[in-house]
file model-v9.csv (CSV, C-alpha atoms)
chain,number,residue,atom,x,y,z
A,182,MET,CA,11.0,-15.1,-8.2
A,183,THR,CA,7.9,-14.4,-10.2
A,184,LYS,CA,7.6,-11.3,-12.3
A,185,SER,CA,4.2,-9.7,-12.7
A,186,ALA,CA,3.1,-7.8,-15.7
A,187,GLU,CA,4.9,-4.5,-16.2
A,188,GLU,CA,2.9,-1.5,-15.2
A,189,PRO,CA,2.6,1.6,-17.3
A,190,LYS,CA,4.8,4.7,-16.9
A,191,GLY,CA,7.7,2.8,-15.4
A,192,LEU,CA,6.2,1.2,-12.3
A,193,ARG,CA,7.1,-2.4,-12.1
A,194,ALA,CA,6.5,-5.3,-9.7
A,195,ALA,CA,8.0,-8.7,-9.0
A,196,ILE,CA,6.7,-11.3,-6.5
A,197,VAL,CA,9.0,-13.4,-4.3
A,198,PRO,CA,7.1,-16.2,-2.6
A,199,VAL,CA,8.4,-16.5,1.0
A,200,THR,CA,7.9,-18.6,4.1
A,201,PRO,CA,6.1,-22.0,4.2
A,202,PHE,CA,2.9,-19.9,3.7
A,203,GLN,CA,4.1,-18.9,0.2
A,204,GLN,CA,3.4,-15.2,1.0
A,205,ASN,CA,3.8,-12.8,-1.9
A,206,CYS,CA,6.6,-10.5,-0.9
A,207,THR,CA,6.4,-7.8,-3.5
A,208,LEU,CA,9.2,-5.7,-4.9
A,209,LEU,CA,7.9,-2.5,-6.4
A,210,TRP,CA,10.2,-0.1,-8.3
A,211,ASP,CA,10.4,2.6,-10.9
A,212,ALA,CA,12.0,1.4,-14.1
A,213,GLU,CA,13.8,4.6,-14.8
A,214,SER,CA,15.3,5.4,-11.4
A,215,MET,CA,15.4,1.8,-10.2
A,216,VAL,CA,14.4,3.0,-6.8
A,217,GLY,CA,11.8,0.9,-5.0
A,218,ALA,CA,10.4,-0.8,-1.9
A,219,VAL,CA,10.0,-4.2,-0.4
A,220,VAL,CA,6.4,-4.9,0.6
A,221,ASP,CA,5.8,-7.6,3.3
A,222,PRO,CA,9.2,-9.3,3.8
A,223,GLY,CA,7.9,-12.2,5.8
A,224,GLY,CA,11.1,-14.3,5.7
A,225,ASP,CA,13.5,-16.0,3.4
A,226,LEU,CA,15.6,-12.9,3.3
A,227,ASP,CA,18.3,-14.5,1.2
A,228,GLU,CA,15.7,-15.0,-1.6
A,229,ILE,CA,14.5,-11.4,-1.3
A,230,GLN,CA,18.0,-10.0,-1.4
A,231,LYS,CA,18.9,-12.2,-4.3
A,232,ALA,CA,15.9,-10.8,-6.2
A,233,ILE,CA,16.8,-7.2,-5.3
A,234,GLU,CA,20.3,-7.7,-6.6
A,235,GLU,CA,19.3,-9.5,-9.8
A,236,LEU,CA,16.8,-6.7,-10.6
A,237,GLY,CA,19.2,-3.9,-9.6
A,238,ILE,CA,16.7,-2.2,-7.3
A,239,LYS,CA,17.8,0.6,-4.9
A,240,VAL,CA,15.5,-0.1,-1.9
A,241,GLU,CA,14.3,3.1,-0.2
A,242,LYS,CA,11.9,1.6,2.3
A,243,ILE,CA,10.0,-1.4,3.6
A,244,VAL,CA,6.2,-1.4,3.7
A,245,ILE,CA,4.1,-3.8,5.9
A,246,THR,CA,0.4,-4.3,5.2
A,247,HIS,CA,-0.3,-6.1,8.5
A,248,GLY,CA,1.4,-7.7,11.4
A,249,HIS,CA,1.2,-11.5,10.7
A,250,ILE,CA,4.4,-13.5,10.8
A,251,ASP,CA,4.4,-14.4,7.1
A,252,HIS,CA,4.2,-10.7,6.1
A,253,ALA,CA,6.4,-9.0,8.8
A,254,GLY,CA,8.7,-11.7,10.2
A,255,GLY,CA,11.8,-10.6,8.3
A,256,ALA,CA,11.2,-6.9,8.4
A,257,ALA,CA,13.4,-6.0,11.4
A,258,GLU,CA,16.4,-7.9,10.0
A,259,LEU,CA,15.9,-6.6,6.5
A,260,LYS,CA,15.7,-3.1,7.8
A,261,GLU,CA,19.2,-3.5,9.4
A,262,LYS,CA,20.6,-5.2,6.3
A,263,LEU,CA,19.4,-2.5,3.9
A,264,GLY,CA,19.6,0.5,6.2
A,265,VAL,CA,16.0,1.7,5.4
A,266,GLU,CA,12.9,2.6,7.4
A,267,ILE,CA,9.7,0.6,7.8
A,268,GLU,CA,6.2,2.1,7.1
A,269,GLY,CA,3.0,0.5,8.2
A,270,PRO,CA,0.8,-1.1,9.1
A,271,HIS,CA,-2.0,0.7,11.1
A,272,PRO,CA,-1.2,1.0,14.8
A,273,ALA,CA,-4.0,-1.4,15.7
A,274,ASP,CA,-1.6,-4.2,14.7
A,275,LYS,CA,1.1,-3.1,17.2
A,276,PHE,CA,0.3,-6.1,19.4
A,277,LEU,CA,1.1,-8.5,16.5
A,278,LEU,CA,4.3,-6.8,15.7
A,279,ASP,CA,5.4,-6.8,19.3
A,280,ASN,CA,4.8,-10.6,19.4
A,281,LEU,CA,6.4,-11.6,16.2
A,282,GLU,CA,9.1,-13.6,17.9
A,283,LYS,CA,6.4,-15.6,19.7
A,284,GLN,CA,4.5,-16.1,16.4
A,285,GLY,CA,7.8,-17.2,14.8
A,286,VAL,CA,8.4,-19.9,17.4
A,287,ALA,CA,4.9,-21.2,16.9
A,288,TYR,CA,5.3,-21.5,13.1
A,289,GLY,CA,9.1,-22.2,12.9
A,290,ILE,CA,9.9,-18.9,11.2
A,291,PRO,CA,12.7,-16.8,12.8
A,292,ALA,CA,11.4,-13.4,13.6
A,293,ARG,CA,12.0,-10.3,15.8
A,294,PRO,CA,9.6,-7.6,17.0
A,295,VAL,CA,9.1,-4.7,14.6
A,296,THR,CA,8.6,-1.0,15.4
A,297,PRO,CA,7.8,0.9,12.2
A,298,GLY,CA,9.3,4.3,11.7
A,299,ARG,CA,5.9,5.4,10.6
A,300,TRP,CA,2.5,4.0,11.3
A,301,LEU,CA,-0.2,4.3,8.6
A,302,GLU,CA,-3.7,5.7,9.1
A,303,GLU,CA,-6.7,6.0,6.8
A,304,GLY,CA,-6.1,8.9,4.4
A,305,ASP,CA,-2.3,8.8,4.6
A,306,THR,CA,-0.2,8.3,1.5
A,307,VAL,CA,2.9,6.2,0.9
A,308,THR,CA,5.4,7.2,-1.8
A,309,ILE,CA,7.4,4.6,-3.5
A,310,ALA,CA,10.0,5.9,-6.0
A,311,GLY,CA,7.8,9.0,-6.6
A,312,HIS,CA,4.6,7.0,-7.1
A,313,THR,CA,1.9,7.8,-4.6
A,314,PHE,CA,-0.3,5.2,-2.9
A,315,ASP,CA,-3.4,6.1,-0.9
A,316,VAL,CA,-3.8,4.2,2.4
A,317,LEU,CA,-7.1,2.5,3.3
A,318,HIS,CA,-7.5,1.0,6.7
A,319,CYS,CA,-9.3,-2.3,6.1
A,320,PRO,CA,-9.6,-4.3,9.4
A,321,GLY,CA,-11.1,-7.8,9.7
A,322,HIS,CA,-8.3,-10.1,8.8
A,323,SER,CA,-6.2,-8.2,11.4
A,324,PRO,CA,-7.2,-5.0,13.2
A,325,GLY,CA,-4.5,-3.0,11.5
A,326,SER,CA,-4.5,-4.3,8.0
A,327,VAL,CA,-4.0,-1.6,5.3
A,328,VAL,CA,-4.4,-1.6,1.6
A,329,LEU,CA,-2.4,0.7,-0.7
A,330,VAL,CA,-3.9,2.1,-3.9
A,331,ASN,CA,-2.1,3.8,-6.7
A,332,HIS,CA,-4.7,5.6,-8.9
A,333,ALA,CA,-2.3,6.6,-11.7
A,334,HIS,CA,-1.5,3.0,-12.5
A,335,LYS,CA,-4.7,1.5,-11.2
A,336,LEU,CA,-2.7,-0.9,-9.0
A,337,ILE,CA,-3.5,-2.0,-5.5
A,338,LEU,CA,-1.3,-3.7,-2.9
A,339,MET,CA,-3.9,-5.8,-1.1
A,340,GLY,CA,-2.2,-7.7,1.7
A,341,ASP,CA,-4.6,-10.4,3.0
A,342,VAL,CA,-7.8,-8.4,2.7
A,343,LEU,CA,-9.1,-9.8,-0.7
A,344,PHE,CA,-7.8,-12.6,-2.9
A,345,ARG,CA,-8.7,-14.1,-6.2
A,346,GLY,CA,-11.8,-16.1,-5.3
A,347,SER,CA,-11.5,-15.6,-1.5
A,348,ILE,CA,-11.0,-13.1,1.3
A,349,GLY,CA,-8.7,-13.0,4.3
A,350,ARG,CA,-9.2,-15.4,7.2
A,351,THR,CA,-11.2,-14.0,10.1
A,352,ASP,CA,-11.1,-17.1,12.4
A,353,PHE,CA,-8.5,-15.5,14.7
A,354,PRO,CA,-9.5,-14.3,18.2
A,355,TYR,CA,-9.2,-10.7,16.9
A,356,GLY,CA,-10.6,-11.4,13.4
A,357,ASN,CA,-14.0,-9.9,12.4
A,358,HIS,CA,-15.8,-11.2,9.3
A,359,GLU,CA,-18.4,-8.4,9.3
A,360,SER,CA,-15.7,-5.7,9.4
A,361,LEU,CA,-13.7,-7.3,6.6
A,362,ILE,CA,-16.7,-7.6,4.3
A,363,ASN,CA,-17.7,-4.0,5.2
A,364,ALA,CA,-14.2,-2.8,4.3
A,365,ILE,CA,-14.2,-4.6,1.0
A,366,THR,CA,-17.7,-3.5,-0.1
A,367,THR,CA,-17.5,0.1,1.1
A,368,LYS,CA,-13.8,0.9,0.4
A,369,LEU,CA,-12.4,-1.5,-2.2
A,370,LEU,CA,-15.3,-2.3,-4.6
A,371,PRO,CA,-16.0,1.4,-5.3
A,372,ILE,CA,-12.4,2.0,-6.5
A,373,GLY,CA,-13.1,0.6,-9.9
A,374,ASP,CA,-13.4,-2.7,-11.8
A,375,ASP,CA,-10.3,-2.0,-13.9
A,376,TYR,CA,-7.9,-1.8,-10.9
A,377,ALA,CA,-5.5,-4.8,-10.7
A,378,PHE,CA,-4.3,-6.0,-7.3
A,379,ILE,CA,-1.4,-8.0,-5.9
A,380,CYS,CA,-2.6,-9.9,-2.9
A,381,GLY,CA,-0.7,-11.6,0.0
A,382,HIS,CA,-1.1,-15.2,-1.4
A,383,GLY,CA,-1.9,-16.7,-4.7
A,384,PRO,CA,-2.4,-15.1,-8.2
A,385,THR,CA,-3.3,-11.5,-8.9
A,386,SER,CA,-6.8,-10.3,-9.9
A,387,THR,CA,-8.9,-7.3,-10.5
A,388,ILE,CA,-11.6,-5.6,-8.5
A,389,GLY,CA,-14.1,-6.3,-11.4
A,390,ALA,CA,-13.3,-10.0,-11.5
A,391,GLU,CA,-13.9,-10.4,-7.8
A,392,ARG,CA,-17.1,-8.3,-7.9
A,393,GLN,CA,-18.4,-10.7,-10.5
A,394,SER,CA,-17.2,-14.1,-9.3
A,395,ASN,CA,-15.9,-14.0,-5.7
A,396,PRO,CA,-18.2,-16.3,-3.7
A,397,PHE,CA,-17.8,-14.2,-0.6
A,398,LEU,CA,-19.0,-11.1,-2.4
A,399,THR,CA,-21.7,-12.4,-4.8
call {"tool": "encode", "arguments": {"input": "model-v9.csv", "output": "structure tokens"}}
result
Amino acid sequence: MTKSAEEPKGLRAAIVPVTPFQQNCTLLWDAESMVGAVVDPGGDLDEIQKAIEELGIKVEKIVITHGHIDHAGGAAELKEKLGVEIEGPHPADKFLLDNLEKQGVAYGIPARPVTPGRWLEEGDTVTIAGHTFDVLHCPGHSPGSVVLVNHAHKLILMGDVLFRGSIGRTDFPYGNHESLINAITTKLLPIGDDYAFICGHGPTSTIGAERQSNPFLT
């Protein structure tokens, strides 16, 4: 388990790398109430639950940024284990969530289909332990990818839309490079250079750092 920097006003995050893809499953919680959420539980549920127990988090929900196996593969089972609901992604990724078992066979990751209790649309909000995140629909990597933005703490849950020094893959049959770049440039870059983000793989970064040095954006 890798802890990220503590956020101000009691919002904290920890990263648990899961699956052979080393996906950043993120635990996000309020330090005072210890209530929180699991974002993108792609697999390795034993590791995720161990981290939850070590940190003492009371999980209130699961959030999924998009429907790929390494982000959503463990969500159905974790929902049952924790007795909580799933929120996200955008309904355009329903076909991916419906086919998670088939994705899992292809990649050797056990998975079951996922039906969220709540789909997320552009303009919705997600509340985690009283902290509000705005939902942005950012297609391209997958049709239903969403990004969650908390303005009070200048923190973004990025999924696989933007990485440090890179962007999400678009070489899938349903991928769209132009749509992804458009979402990044019109929705994410205007948010502000001082916003930090946790992405689906690799190290964290800021909007400003990617604006200046990301080869896909410069």
call {"tool": "closest_residue", "arguments": {"input": "model-v9.csv", "among": "A:Leu361, A:Trp300, A:His332, A:Asn395", "to": "Ser347 in chain A", "atoms": "all atoms listed in the file"}}
result
A:Asn395
call {"tool": "residues_around", "arguments": {"input": "model-v9.csv", "residues": "Asn280 in chain A", "least_positions_apart": "2", "cutoff": "10 Å", "atoms": "all atoms listed in the file", "output": "list in words"}}
result
Gly248, His249, Ile250, Lys275, Phe276, Leu277, Leu278, Glu282, Lys283, Gln284, Gly285, Ala292, Arg293, Pro294 and Val295 of chain A
call {"tool": "residues_around", "arguments": {"input": "model-v9.csv", "residues": "Asn331 in chain A", "least_positions_apart": "6", "cutoff": "12 Å", "atoms": "all atoms listed in the file", "output": "PyMOL selection string"}}
result
chain A and resi 188-189+192+209+306-309+311-317+337-339+372-373+376-379
call {"tool": "atom_distance", "arguments": {"input": "model-v9.csv", "atom1": "CA of Glu268 in chain A", "atom2": "CA of Gly255 in chain A"}}
result
13.9 Å
call {"tool": "residues_near_point", "arguments": {"input": "model-v9.csv", "point": "(-14.2, -14.7, -3.6)", "cutoff": "7 Å", "atoms": "all atoms listed in the file", "output": "MDAnalysis selection string"}}
result
chainID A and resid 344:348 391 394:398
call {"tool": "residues_around", "arguments": {"input": "model-v9.csv", "residues": "Ile238 in chain A", "least_positions_apart": "4", "cutoff": "12 Å", "atoms": "all atoms listed in the file", "output": "count of residues only"}}
result
24
call {"tool": "residues_around", "arguments": {"input": "model-v9.csv", "residues": "Pro320 in chain A", "least_positions_apart": "3", "cutoff": "9 Å", "atoms": "only C-alpha atoms", "output": "CSV table (one decimal) with C-alpha atoms, in the frame of the given file"}}
result
chain,number,residue,atom,x,y,z
A,273,ALA,CA,-4.0,-1.4,15.7
A,323,SER,CA,-6.2,-8.2,11.4
A,324,PRO,CA,-7.2,-5.0,13.2
A,325,GLY,CA,-4.5,-3.0,11.5
A,326,SER,CA,-4.5,-4.3,8.0
A,327,VAL,CA,-4.0,-1.6,5.3
A,342,VAL,CA,-7.8,-8.4,2.7
A,356,GLY,CA,-10.6,-11.4,13.4
A,357,ASN,CA,-14.0,-9.9,12.4
A,360,SER,CA,-15.7,-5.7,9.4
A,361,LEU,CA,-13.7,-7.3,6.6
A,364,ALA,CA,-14.2,-2.8,4.3
call {"tool": "atom_distance", "arguments": {"input": "model-v9.csv", "atom1": "CA of Val286 in chain A", "atom2": "CA of Asp352 in chain A"}}
result
20.3 Å
call {"tool": "residues_around", "arguments": {"input": "model-v9.csv", "residues": "Gln393 in chain A", "least_positions_apart": "6", "cutoff": "12 Å", "atoms": "only C-alpha atoms", "output": "list in words"}}
result
Arg345, Gly346, Leu370, Asp374, Ser386, Thr387 and Thr399 of chain A
call {"tool": "write_last_selection", "arguments": {"input": "model-v9.csv", "atoms": "C-alpha atoms", "output": "PDB file, keeping the file's coordinate frame"}}
result
ATOM      1  CA  ARG A 345      -8.700 -14.100  -6.200  1.00  0.00           C
ATOM      2  CA  GLY A 346     -11.800 -16.100  -5.300  1.00  0.00           C
ATOM      3  CA  LEU A 370     -15.300  -2.300  -4.600  1.00  0.00           C
ATOM      4  CA  ASP A 374     -13.400  -2.700 -11.800  1.00  0.00           C
ATOM      5  CA  SER A 386      -6.800 -10.300  -9.900  1.00  0.00           C
ATOM      6  CA  THR A 387      -8.900  -7.300 -10.500  1.00  0.00           C
ATOM      7  CA  THR A 399     -21.700 -12.400  -4.800  1.00  0.00           C
TER       8      THR A 399
END
call {"tool": "atom_distance", "arguments": {"input": "model-v9.csv", "atom1": "CA of Asp227 in chain A", "atom2": "CA of Glu266 in chain A"}}
result
19.0 Å
call {"tool": "closest_residue", "arguments": {"input": "model-v9.csv", "among": "A:Val328, A:Asp274, A:Pro201, A:Thr385", "to": "Tyr355 in chain A", "atoms": "only C-alpha atoms"}}
result
A:Asp274
call {"tool": "closest_residue", "arguments": {"input": "model-v9.csv", "among": "A:Ile362, A:Thr207, A:His271, A:Asp225", "to": "Ile243 in chain A", "atoms": "all atoms listed in the file"}}
result
A:Thr207
call {"tool": "closest_residue", "arguments": {"input": "model-v9.csv", "among": "A:Val265, A:Ala390, A:Leu301, A:Cys380", "to": "Asp341 in chain A", "atoms": "only C-alpha atoms"}}
result
A:Cys380
call {"tool": "closest_residue", "arguments": {"input": "model-v9.csv", "among": "A:Asp375, A:His252, A:Phe202, A:Gly381", "to": "Tyr288 in chain A", "atoms": "only C-alpha atoms"}}
result
A:Phe202
call {"tool": "closest_residue", "arguments": {"input": "model-v9.csv", "among": "A:Gly321, A:Gly269, A:Pro198, A:Pro354", "to": "Gly298 in chain A", "atoms": "all atoms listed in the file"}}
result
A:Gly269
